[in-house]
Structure formats: structure tokens, C-alpha cells
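Pasted below: input_23.pdb, PDB, C-alpha atoms and all ligand atoms.
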ATOM      1  CA  MET A 936      91.873 138.127  88.812  1.00  0.00           C
ATOM      2  CA  ASP A 937      92.172 137.635  92.557  1.00  0.00           C
ATOM      3  CA  ARG A 938      93.337 134.093  93.486  1.00  0.00           C
ATOM      4  CA  ILE A 939      90.183 133.508  95.519  1.00  0.00           C
ATOM      5  CA  ASP A 940      87.918 134.781  92.729  1.00  0.00           C
ATOM      6  CA  LEU A 941      89.722 132.437  90.393  1.00  0.00           C
ATOM      7  CA  ILE A 942      88.767 129.473  92.581  1.00  0.00           C
ATOM      8  CA  PHE A 943      85.075 130.354  92.306  1.00  0.00           C
ATOM      9  CA  GLU A 944      85.487 130.724  88.545  1.00  0.00           C
ATOM     10  CA  ASN A 945      87.116 127.290  88.429  1.00  0.00           C
ATOM     11  CA  ASN A 946      84.234 125.890  90.413  1.00  0.00           C
ATOM     12  CA  LYS A 947      81.713 127.221  87.883  1.00  0.00           C
ATOM     13  CA  LYS A 948      83.671 125.639  85.040  1.00  0.00           C
ATOM     14  CA  TRP A 949      83.884 122.352  86.914  1.00  0.00           C
ATOM     15  CA  ILE A 950      80.105 122.284  87.453  1.00  0.00           C
ATOM     16  CA  GLU A 951      79.513 122.966  83.750  1.00  0.00           C
ATOM     17  CA  GLU A 952      81.951 120.252  82.776  1.00  0.00           C
ATOM     18  CA  LYS A 953      80.319 117.662  85.036  1.00  0.00           C
ATOM     19  CA  LEU A 954      76.792 118.593  83.940  1.00  0.00           C
ATOM     20  CA  SER A 955      77.715 118.499  80.265  1.00  0.00           C
ATOM     21  CA  LEU A 956      78.654 114.836  80.707  1.00  0.00           C
ATOM     22  CA  ASN A 957      75.742 113.939  82.979  1.00  0.00           C
ATOM     23  CA  LYS A 958      72.953 116.366  83.781  1.00  0.00           C
ATOM     24  CA  ASP A 959      72.098 114.413  86.950  1.00  0.00           C
ATOM     25  CA  TYR A 960      75.708 114.344  88.178  1.00  0.00           C
ATOM     26  CA  PHE A 961      75.159 116.334  91.376  1.00  0.00           C
ATOM     27  CA  LYS A 962      71.739 114.810  92.012  1.00  0.00           C
ATOM     28  CA  GLU A 963      73.406 111.401  92.004  1.00  0.00           C
ATOM     29  CA  LEU A 964      76.436 112.611  93.955  1.00  0.00           C
ATOM     30  CA  ALA A 965      74.206 114.002  96.704  1.00  0.00           C
ATOM     31  CA  THR A 966      72.279 110.749  97.200  1.00  0.00           C
ATOM     32  CA  SER A 967      74.883 108.732  99.102  1.00  0.00           C
ATOM     33  CA  GLN A 968      78.493 107.613  99.181  1.00  0.00           C
ATOM     34  CA  GLN A 969      79.841 104.081  98.961  1.00  0.00           C
ATOM     35  CA  PRO A 970      83.594 104.476  98.755  1.00  0.00           C
ATOM     36  CA  GLU A 971      85.625 101.309  98.415  1.00  0.00           C
ATOM     37  CA  PHE A 972      88.794 102.858  99.857  1.00  0.00           C
ATOM     38  CA  LEU A 973      89.946 104.773 102.896  1.00  0.00           C
ATOM     39  CA  TYR A 974      93.092 106.763 102.065  1.00  0.00           C
ATOM     40  CA  ILE A 975      95.284 108.096 104.862  1.00  0.00           C
ATOM     41  CA  GLY A 976      97.962 110.362 103.450  1.00  0.00           C
ATOM     42  CA  CYS A 977     100.117 113.397 104.101  1.00  0.00           C
ATOM     43  CA  SER A 978      98.692 116.922 104.122  1.00  0.00           C
ATOM     44  CA  ASP A 979     101.443 117.975 101.694  1.00  0.00           C
ATOM     45  CA  SER A 980      99.878 120.107  98.944  1.00  0.00           C
ATOM     46  CA  ARG A 981     101.686 118.119  96.260  1.00  0.00           C
ATOM     47  CA  VAL A 982     100.221 114.764  97.239  1.00  0.00           C
ATOM     48  CA  THR A 983      96.504 114.818  96.490  1.00  0.00           C
ATOM     49  CA  ALA A 984      94.744 111.496  96.955  1.00  0.00           C
ATOM     50  CA  GLU A 985      92.195 111.644  94.152  1.00  0.00           C
ATOM     51  CA  ASP A 986      94.584 112.942  91.486  1.00  0.00           C
ATOM     52  CA  LEU A 987      97.313 110.409  92.070  1.00  0.00           C
ATOM     53  CA  MET A 988      94.828 107.522  92.287  1.00  0.00           C
ATOM     54  CA  GLY A 989      92.795 108.741  89.327  1.00  0.00           C
ATOM     55  CA  VAL A 990      89.508 108.430  91.200  1.00  0.00           C
ATOM     56  CA  GLN A 991      86.342 110.496  91.114  1.00  0.00           C
ATOM     57  CA  PRO A 992      84.278 112.103  93.897  1.00  0.00           C
ATOM     58  CA  GLY A 993      82.554 109.354  95.864  1.00  0.00           C
ATOM     59  CA  GLU A 994      85.259 106.748  95.369  1.00  0.00           C
ATOM     60  CA  VAL A 995      87.648 107.377  98.243  1.00  0.00           C
ATOM     61  CA  PHE A 996      87.208 108.468 101.854  1.00  0.00           C
ATOM     62  CA  VAL A 997      90.186 110.644 102.764  1.00  0.00           C
ATOM     63  CA  HIS A 998      92.103 111.590 105.862  1.00  0.00           C
ATOM     64  CA  ARG A 999      95.280 113.630 105.641  1.00  0.00           C
ATOM     65  CA  ASN A1000      97.640 114.834 108.329  1.00  0.00           C
ATOM     66  CA  ILE A1001     101.316 115.715 108.583  1.00  0.00           C
ATOM     67  CA  ALA A1002     103.348 112.622 107.628  1.00  0.00           C
ATOM     68  CA  ASN A1003     100.296 110.304 107.388  1.00  0.00           C
ATOM     69  CA  LEU A1004     100.343 109.123 110.999  1.00  0.00           C
ATOM     70  CA  VAL A1005      97.856 106.690 112.511  1.00  0.00           C
ATOM     71  CA  ASN A1006      98.125 107.774 116.120  1.00  0.00           C
ATOM     72  CA  ASN A1007      95.855 105.815 118.427  1.00  0.00           C
ATOM     73  CA  VAL A1008      95.001 108.796 120.621  1.00  0.00           C
ATOM     74  CA  ASP A1009      94.298 111.127 117.703  1.00  0.00           C
ATOM     75  CA  LEU A1010      90.524 111.439 117.797  1.00  0.00           C
ATOM     76  CA  ASN A1011      90.480 112.755 114.242  1.00  0.00           C
ATOM     77  CA  VAL A1012      92.151 109.822 112.493  1.00  0.00           C
ATOM     78  CA  MET A1013      90.412 107.300 114.773  1.00  0.00           C
ATOM     79  CA  THR A1014      86.991 108.801 114.019  1.00  0.00           C
ATOM     80  CA  VAL A1015      87.634 108.755 110.276  1.00  0.00           C
ATOM     81  CA  LEU A1016      88.863 105.161 110.484  1.00  0.00           C
ATOM     82  CA  ASN A1017      85.893 103.954 112.517  1.00  0.00           C
ATOM     83  CA  TYR A1018      83.373 105.709 110.308  1.00  0.00           C
ATOM     84  CA  ALA A1019      84.953 104.435 107.085  1.00  0.00           C
ATOM     85  CA  VAL A1020      85.444 100.853 108.265  1.00  0.00           C
ATOM     86  CA  ARG A1021      82.411 100.272 110.471  1.00  0.00           C
ATOM     87  CA  HIS A1022      79.769 102.390 108.721  1.00  0.00           C
ATOM     88  CA  LEU A1023      80.842 102.945 105.127  1.00  0.00           C
ATOM     89  CA  LYS A1024      82.309  99.420 105.075  1.00  0.00           C
ATOM     90  CA  VAL A1025      85.338 100.215 102.950  1.00  0.00           C
ATOM     91  CA  ASN A1026      87.245  97.091 101.919  1.00  0.00           C
ATOM     92  CA  HIS A1027      90.689  98.664 101.557  1.00  0.00           C
ATOM     93  CA  VAL A1028      92.551 100.951 103.928  1.00  0.00           C
ATOM     94  CA  ILE A1029      95.587 102.656 102.437  1.00  0.00           C
ATOM     95  CA  VAL A1030      98.410 104.502 104.142  1.00  0.00           C
ATOM     96  CA  CYS A1031     100.239 106.548 101.544  1.00  0.00           C
ATOM     97  CA  GLY A1032     103.483 108.314 102.399  1.00  0.00           C
ATOM     98  CA  HIS A1033     105.661 110.234  99.992  1.00  0.00           C
ATOM     99  CA  TYR A1034     109.357 110.769  99.382  1.00  0.00           C
ATOM    100  CA  ASN A1035     110.712 114.165 100.418  1.00  0.00           C
ATOM    101  CA  CYS A1036     108.090 114.397 103.183  1.00  0.00           C
ATOM    102  CA  GLY A1037     108.761 117.519 105.255  1.00  0.00           C
ATOM    103  CA  GLY A1038     107.252 115.935 108.366  1.00  0.00           C
ATOM    104  CA  VAL A1039     109.546 112.914 108.204  1.00  0.00           C
ATOM    105  CA  LYS A1040     112.531 115.133 107.456  1.00  0.00           C
ATOM    106  CA  ALA A1041     111.754 117.357 110.448  1.00  0.00           C
ATOM    107  CA  ALA A1042     111.666 114.293 112.704  1.00  0.00           C
ATOM    108  CA  MET A1043     115.238 113.467 111.632  1.00  0.00           C
ATOM    109  CA  GLN A1044     116.561 116.803 112.922  1.00  0.00           C
ATOM    110  CA  PRO A1045     117.628 117.565 116.504  1.00  0.00           C
ATOM    111  CA  LYS A1046     115.398 120.596 116.686  1.00  0.00           C
ATOM    112  CA  ASP A1047     112.626 121.912 118.947  1.00  0.00           C
ATOM    113  CA  LEU A1048     109.592 122.480 116.727  1.00  0.00           C
ATOM    114  CA  GLY A1049     107.129 123.486 119.433  1.00  0.00           C
ATOM    115  CA  ILE A1050     103.648 122.068 118.984  1.00  0.00           C
ATOM    116  CA  LEU A1051     104.954 119.823 116.211  1.00  0.00           C
ATOM    117  CA  ASN A1052     107.133 117.933 118.725  1.00  0.00           C
ATOM    118  CA  PRO A1053     104.461 115.577 120.098  1.00  0.00           C
ATOM    119  CA  TRP A1054     103.193 114.859 116.593  1.00  0.00           C
ATOM    120  CA  LEU A1055     106.602 114.168 115.096  1.00  0.00           C
ATOM    121  CA  ARG A1056     107.491 111.998 118.092  1.00  0.00           C
ATOM    122  CA  GLY A1057     105.540 109.252 116.334  1.00  0.00           C
ATOM    123  CA  ILE A1058     108.127 109.301 113.549  1.00  0.00           C
ATOM    124  CA  ARG A1059     111.057 109.408 115.956  1.00  0.00           C
ATOM    125  CA  ASP A1060     109.603 106.244 117.518  1.00  0.00           C
ATOM    126  CA  VAL A1061     109.539 104.618 114.064  1.00  0.00           C
ATOM    127  CA  TYR A1062     113.206 105.545 113.715  1.00  0.00           C
ATOM    128  CA  ARG A1063     114.001 103.998 117.112  1.00  0.00           C
ATOM    129  CA  THR A1064     112.145 100.784 116.204  1.00  0.00           C
ATOM    130  CA  HIS A1065     114.175 100.458 112.981  1.00  0.00           C
ATOM    131  CA  LYS A1066     117.380 102.129 114.138  1.00  0.00           C
ATOM    132  CA  ASP A1067     119.658  99.188 113.278  1.00  0.00           C
ATOM    133  CA  GLU A1068     118.493  99.088 109.653  1.00  0.00           C
ATOM    134  CA  LEU A1069     118.407 102.868 109.191  1.00  0.00           C
ATOM    135  CA  ASN A1070     121.811 103.557 110.694  1.00  0.00           C
ATOM    136  CA  LEU A1071     123.414 101.128 108.243  1.00  0.00           C
ATOM    137  CA  ILE A1072     122.316 103.382 105.362  1.00  0.00           C
ATOM    138  CA  GLU A1073     125.143 105.849 104.843  1.00  0.00           C
ATOM    139  CA  ASP A1074     123.554 108.036 102.181  1.00  0.00           C
ATOM    140  CA  GLU A1075     121.391 110.548 104.002  1.00  0.00           C
ATOM    141  CA  ASN A1076     118.778 110.792 101.270  1.00  0.00           C
ATOM    142  CA  ALA A1077     118.483 107.018 100.995  1.00  0.00           C
ATOM    143  CA  ARG A1078     118.038 106.864 104.783  1.00  0.00           C
ATOM    144  CA  PHE A1079     115.355 109.569 104.558  1.00  0.00           C
ATOM    145  CA  ASN A1080     113.520 107.606 101.831  1.00  0.00           C
ATOM    146  CA  ARG A1081     113.708 104.421 103.859  1.00  0.00           C
ATOM    147  CA  LEU A1082     112.290 106.182 106.933  1.00  0.00           C
ATOM    148  CA  VAL A1083     109.375 107.371 104.769  1.00  0.00           C
ATOM    149  CA  GLU A1084     108.735 103.707 103.828  1.00  0.00           C
ATOM    150  CA  LEU A1085     109.143 102.378 107.368  1.00  0.00           C
ATOM    151  CA  ASN A1086     106.845 105.094 108.665  1.00  0.00           C
ATOM    152  CA  VAL A1087     104.152 103.896 106.249  1.00  0.00           C
ATOM    153  CA  GLN A1088     104.759 100.321 107.410  1.00  0.00           C
ATOM    154  CA  GLU A1089     104.424 101.240 111.088  1.00  0.00           C
ATOM    155  CA  GLN A1090     101.260 103.249 110.457  1.00  0.00           C
ATOM    156  CA  CYS A1091      99.797 100.199 108.696  1.00  0.00           C
ATOM    157  CA  VAL A1092     100.657  98.140 111.769  1.00  0.00           C
ATOM    158  CA  ASN A1093      98.967 100.804 113.889  1.00  0.00           C
ATOM    159  CA  LEU A1094      95.832 100.338 111.780  1.00  0.00           C
ATOM    160  CA  ILE A1095      95.925  96.599 112.424  1.00  0.00           C
ATOM    161  CA  LYS A1096      96.125  97.258 116.165  1.00  0.00           C
ATOM    162  CA  THR A1097      92.672  98.884 116.096  1.00  0.00           C
ATOM    163  CA  ALA A1098      89.421  97.114 116.948  1.00  0.00           C
ATOM    164  CA  ALA A1099      87.732  98.469 113.809  1.00  0.00           C
ATOM    165  CA  VAL A1100      90.236  96.859 111.447  1.00  0.00           C
ATOM    166  CA  GLN A1101      90.480  93.613 113.422  1.00  0.00           C
ATOM    167  CA  GLU A1102      86.694  93.255 113.450  1.00  0.00           C
ATOM    168  CA  ALA A1103      86.412  94.043 109.730  1.00  0.00           C
ATOM    169  CA  TYR A1104      89.136  91.524 108.973  1.00  0.00           C
ATOM    170  CA  ILE A1105      87.146  88.761 110.675  1.00  0.00           C
ATOM    171  CA  GLU A1106      83.910  89.971 109.071  1.00  0.00           C
ATOM    172  CA  ARG A1107      85.023  90.554 105.476  1.00  0.00           C
ATOM    173  CA  LYS A1108      88.808  90.193 105.192  1.00  0.00           C
ATOM    174  CA  ILE A1109      89.442  93.930 104.872  1.00  0.00           C
ATOM    175  CA  SER A1110      92.918  94.685 103.534  1.00  0.00           C
ATOM    176  CA  VAL A1111      95.523  97.232 104.570  1.00  0.00           C
ATOM    177  CA  HIS A1112      97.946  98.626 101.978  1.00  0.00           C
ATOM    178  CA  GLY A1113     101.167 100.567 102.432  1.00  0.00           C
ATOM    179  CA  TRP A1114     102.077 102.828  99.538  1.00  0.00           C
ATOM    180  CA  VAL A1115     104.603 105.537  98.796  1.00  0.00           C
ATOM    181  CA  PHE A1116     104.090 108.302  96.271  1.00  0.00           C
ATOM    182  CA  ASP A1117     107.382 108.954  94.489  1.00  0.00           C
ATOM    183  CA  ILE A1118     107.158 112.702  94.184  1.00  0.00           C
ATOM    184  CA  TYR A1119     110.163 112.718  91.797  1.00  0.00           C
ATOM    185  CA  SER A1120     108.423 110.608  89.144  1.00  0.00           C
ATOM    186  CA  GLY A1121     104.729 110.696  90.072  1.00  0.00           C
ATOM    187  CA  LYS A1122     104.753 106.933  90.514  1.00  0.00           C
ATOM    188  CA  LEU A1123     102.669 105.207  93.151  1.00  0.00           C
ATOM    189  CA  ILE A1124     104.683 102.404  94.754  1.00  0.00           C
ATOM    190  CA  ASP A1125     103.100  99.482  96.589  1.00  0.00           C
ATOM    191  CA  LEU A1126     105.503  98.596  99.414  1.00  0.00           C
ATOM    192  CA  LYS A1127     104.069  95.043  99.405  1.00  0.00           C
ATOM    193  CA  ILE A1128     104.444  94.876 103.159  1.00  0.00           C
ATOM    194  CA  ASN A1129     104.760  91.337 104.456  1.00  0.00           C
ATOM    195  CA  PHE A1130     102.145  91.650 107.201  1.00  0.00           C
ATOM    196  CA  PRO A1131     102.094  87.987 108.365  1.00  0.00           C
ATOM    197  CA  ASP A1132     105.825  88.210 108.987  1.00  0.00           C
ATOM    198  CA  ILE A1133     105.659  91.519 110.836  1.00  0.00           C
ATOM    199  CA  LEU A1134     102.597  90.614 112.850  1.00  0.00           C
ATOM    200  CA  LYS A1135     103.532  87.106 113.898  1.00  0.00           C
ATOM    201  CA  ASN A1136     105.466  88.177 116.960  1.00  0.00           C
ATOM    202  CA  ILE A1137     103.311  91.097 118.043  1.00  0.00           C
ATOM    203  CA  MET A1138      99.672  90.146 117.515  1.00  0.00           C
ATOM    204  CA  GLU A1139      99.527  88.237 120.801  1.00  0.00           C
ATOM    205  CA  ILE A1140      99.895  91.663 122.399  1.00  0.00           C
ATOM    206  CA  TYR A1141      97.499  93.667 120.225  1.00  0.00           C
ATOM    207  CA  LYS A1142      94.790  91.099 119.466  1.00  0.00           C
ATOM    208  CA  LEU A1143      91.381  92.398 120.616  1.00  0.00           C
ATOM    209  CA  TYR A1144      89.167  89.633 119.192  1.00  0.00           C
TER     210      TYR A1144
HETATM  211 CO    CO B1201     104.593 114.823 103.823  1.00  0.00          CO
END
Go through the file and emit its structure as C-alpha cells.
Amino acid sequence: MDRIDLIFENNKKWIEEKLSLNKDYFKELATSQQPEFLYIGCSDSRVTAEDLMGVQPGEVFVHRNIANLVNNVDLNVMTVLNYAVRHLKVNHVIVCGHYNCGGVKAAMQPKDLGILNPWLRGIRDVYRTHKDELNLIEDENARFNRLVELNVQEQCVNLIKTAAVQEAYIERKISVHGWVFDIYSGKLIDLKINFPDILKNIMEIYKLY
């Protein structure tokens, strides 16, 4: 069977499976959505939000781009964030990176990647911010892994710089989480980012409320 035909076959099976458990499944699904989480992750085909979190349709609002960046002039991520936080009222915003991320790896190479350059610049800036720590790591793979983690951390900080998150923090103590998906084991790792420590010297600059 053609790969595309196979997808439509899979879809039929999926509908049957859902309806066999609950005949009103799609009727209920169509009514509304009240996701508790906004997940911002990498577009990498191996890192699918719902599968790795074990959640069902309706439970997580998702945005994915190359290397899970929260760029403040990217209308796409900013629109998703504002809609999820201000309208859907999610209580948790997650940035999930992953080890062996091609985007992060590309940003560690001295190479012209055309249209990818301005996007990957965000990761080069993360490297510059944490250059002292990263350059002390001799093992290249360990340095790569650490940049993946620091990139998640910086994207979480970028979230906290936005009006939507600051307002929702005052309103309902919304929380931001930095995670890494360990693609070698399947494990989801909470980086347990110490936000008060990181933010104490910079919030005077980014505070909007
Ligand atoms: Co990636």
C-alpha cells in the first residue's frame, strides 16, 4: 500500500478504536478544548509531545519549531503563547528540548546555513551567554548536551520576559517548566531550573507589570 493511503487506513482504525471505547468521543472532542499545558518543543520527528507525555487529544496545546526557540519577534510562537495563556488559560508552560537536537548541533558549527542562519542565531546567543561554562566542558558531546539544556533554560527565561506570562503569574501563578527529552533512553528530564536565582538580576530590566 502507498504510504499516504496507509495513513488514511490508520485514521479509519483510530476512529474505530476511539468510538469502540466511547461512542460520543468525537462529539465531545468537538465541543471545546481546555488544555492544562502549553508545550513548546522541537519539530524533530522523533520528539512528539503527546506520545512522550502520555496525554490525549485536548490535553496539551502544542507549538513546535526547530530547536524549541521562544523568539520574541516570531509571530507564530508569540501568537500561540498569547492564545494559550490569555484565552485558554493554561496553567503550565513547558519548553522541551532534546538531546542530539540537529538545530542545536548546527548552531555549534561554523557554517553558512542560509535561511536557517537568523533562526539558529538564537542558539549562538545562548552559547555566548554561557560561553564560560560551556568552554570548560572538554567532551564535545557533553558540551552539546549542556547547550541543549541551557537553550531550554534561556527559552524559559524568554517566556518569562513576555507580558502574557507575567500577567498570568500575577493572576494565577502560572508556572514555566524546562524539560529535556533524552532521546537515548526515552526519559523526560525536568531540569528543575532555579528561576528565582536566574531572574533576580535581570527582572528589573524585563518587568512589564
Ligand atoms: Co531538535
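Applied to the file shown here, the PyMOL selection byres (((not hetatm)) within 9 of (chain B and resi 1201)) selects the residues Gly976, Cys977, Ser978, Asp979, Ser980, Arg981, Val982, Asn1000, Ile1001, Ala1002, Asn1003, Gly1032, His1033, Tyr1034, Asn1035, Cys1036, Gly1037, Gly1038, Val1039, Lys1040 and Val1083 of chain A.
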Please provide as a PyMOL selection string all residues within 12 Å of segment 1018-1026 of chain A, with the sequence filter that same-chain residues fewer than 2 positions apart are discarded (counting all atoms listed in the file). chain A and resi 967-975+993-998+1010-1016+1028-1029+1094+1097-1104+1106-1112
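From atom CA of Gln1090 of chain A back to atom CA of Leu1134 of chain A, the distance works out to 12.9 Å.
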As JSON, please report the centre and edge lengths, rounded to one decimal in Å, of the axis-aligned box that holds all listed atoms of segment 1087-1096 of chain A with 3 Å of padding on each of the six sides.
{"center_x": 100.3, "center_y": 100.2, "center_z": 111.2, "size_x": 14.9, "size_y": 13.3, "size_z": 15.9}
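Near Asn1129 of chain A, within 12 Å and counting all atoms listed in the file, sit A:Gln1088, A:Glu1089, A:Cys1091, A:Val1092, A:Val1111, A:His1112, A:Gly1113, A:Asp1125, A:Ile1133, A:Leu1134, A:Lys1135, not including residues fewer than 4 positions from it in the same chain.
Atom CA of Leu1082 of chain A is positioned 9.7 Å from atom CA of Lys1066 of chain A.
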What's the separation between atom CA of Ser1120 of chain A and atom CA of Asn1086 of chain A, in Å to one decimal place? 20.3 Å
Extract segment 1008-1023 of chain A from the coordinates I pasted, and write it as an mmCIF file, in the first residue's frame (atoms kept: N, CA, C and O atoms).
data_model
loop_
_atom_site.group_PDB
_atom_site.id
_atom_site.type_symbol
_atom_site.label_atom_id
_atom_site.label_comp_id
_atom_site.auth_asym_id
_atom_site.auth_seq_id
_atom_site.Cartn_x
_atom_site.Cartn_y
_atom_site.Cartn_z
ATOM 1 N N VAL A 1008 10.283 38.006 18.437
ATOM 2 C CA VAL A 1008 9.730 38.608 17.226
ATOM 3 C C VAL A 1008 9.164 37.549 16.274
ATOM 4 O O VAL A 1008 8.816 37.847 15.139
ATOM 5 N N ASP A 1009 9.062 36.313 16.766
ATOM 6 C CA ASP A 1009 8.432 35.267 15.959
ATOM 7 C C ASP A 1009 6.930 35.313 16.240
ATOM 8 O O ASP A 1009 6.468 34.940 17.320
ATOM 9 N N LEU A 1010 6.198 35.796 15.245
ATOM 10 C CA LEU A 1010 4.752 35.975 15.409
ATOM 11 C C LEU A 1010 4.058 34.656 15.708
ATOM 12 O O LEU A 1010 3.068 34.606 16.448
ATOM 13 N N ASN A 1011 4.588 33.576 15.159
ATOM 14 C CA ASN A 1011 3.981 32.264 15.349
ATOM 15 C C ASN A 1011 4.020 31.838 16.821
ATOM 16 O O ASN A 1011 2.979 31.608 17.443
ATOM 17 N N VAL A 1012 5.204 31.769 17.393
ATOM 18 C CA VAL A 1012 5.292 31.321 18.791
ATOM 19 C C VAL A 1012 4.597 32.309 19.732
ATOM 20 O O VAL A 1012 3.929 31.905 20.695
ATOM 21 N N MET A 1013 4.694 33.613 19.433
ATOM 22 C CA MET A 1013 4.070 34.606 20.303
ATOM 23 C C MET A 1013 2.535 34.535 20.246
ATOM 24 O O MET A 1013 1.859 34.747 21.240
ATOM 25 N N THR A 1014 2.011 34.211 19.080
ATOM 26 C CA THR A 1014 0.555 34.064 18.937
ATOM 27 C C THR A 1014 0.078 32.841 19.702
ATOM 28 O O THR A 1014 -0.924 32.901 20.435
ATOM 29 N N VAL A 1015 0.781 31.739 19.550
ATOM 30 C CA VAL A 1015 0.431 30.507 20.262
ATOM 31 C C VAL A 1015 0.472 30.749 21.774
ATOM 32 O O VAL A 1015 -0.441 30.384 22.517
ATOM 33 N N LEU A 1016 1.540 31.400 22.221
ATOM 34 C CA LEU A 1016 1.709 31.675 23.650
ATOM 35 C C LEU A 1016 0.567 32.541 24.187
ATOM 36 O O LEU A 1016 -0.047 32.220 25.215
ATOM 37 N N ASN A 1017 0.275 33.621 23.469
ATOM 38 C CA ASN A 1017 -0.780 34.527 23.933
ATOM 39 C C ASN A 1017 -2.143 33.856 23.933
ATOM 40 O O ASN A 1017 -2.925 34.045 24.867
ATOM 41 N N TYR A 1018 -2.418 33.071 22.915
ATOM 42 C CA TYR A 1018 -3.709 32.384 22.864
ATOM 43 C C TYR A 1018 -3.821 31.360 24.002
ATOM 44 O O TYR A 1018 -4.835 31.297 24.702
ATOM 45 N N ALA A 1019 -2.767 30.589 24.198
ATOM 46 C CA ALA A 1019 -2.798 29.540 25.229
ATOM 47 C C ALA A 1019 -2.892 30.127 26.639
ATOM 48 O O ALA A 1019 -3.646 29.633 27.477
ATOM 49 N N VAL A 1020 -2.122 31.190 26.884
ATOM 50 C CA VAL A 1020 -2.048 31.742 28.238
ATOM 51 C C VAL A 1020 -3.225 32.667 28.543
ATOM 52 O O VAL A 1020 -3.847 32.574 29.594
ATOM 53 N N ARG A 1021 -3.545 33.540 27.586
ATOM 54 C CA ARG A 1021 -4.569 34.554 27.871
ATOM 55 C C ARG A 1021 -5.985 34.089 27.596
ATOM 56 O O ARG A 1021 -6.924 34.560 28.233
ATOM 57 N N HIS A 1022 -6.168 33.171 26.642
ATOM 58 C CA HIS A 1022 -7.529 32.735 26.301
ATOM 59 C C HIS A 1022 -7.842 31.342 26.810
ATOM 60 O O HIS A 1022 -8.874 31.133 27.442
ATOM 61 N N LEU A 1023 -6.951 30.391 26.549
ATOM 62 C CA LEU A 1023 -7.206 29.030 27.037
ATOM 63 C C LEU A 1023 -6.874 28.902 28.524
ATOM 64 O O LEU A 1023 -7.292 27.937 29.166
#
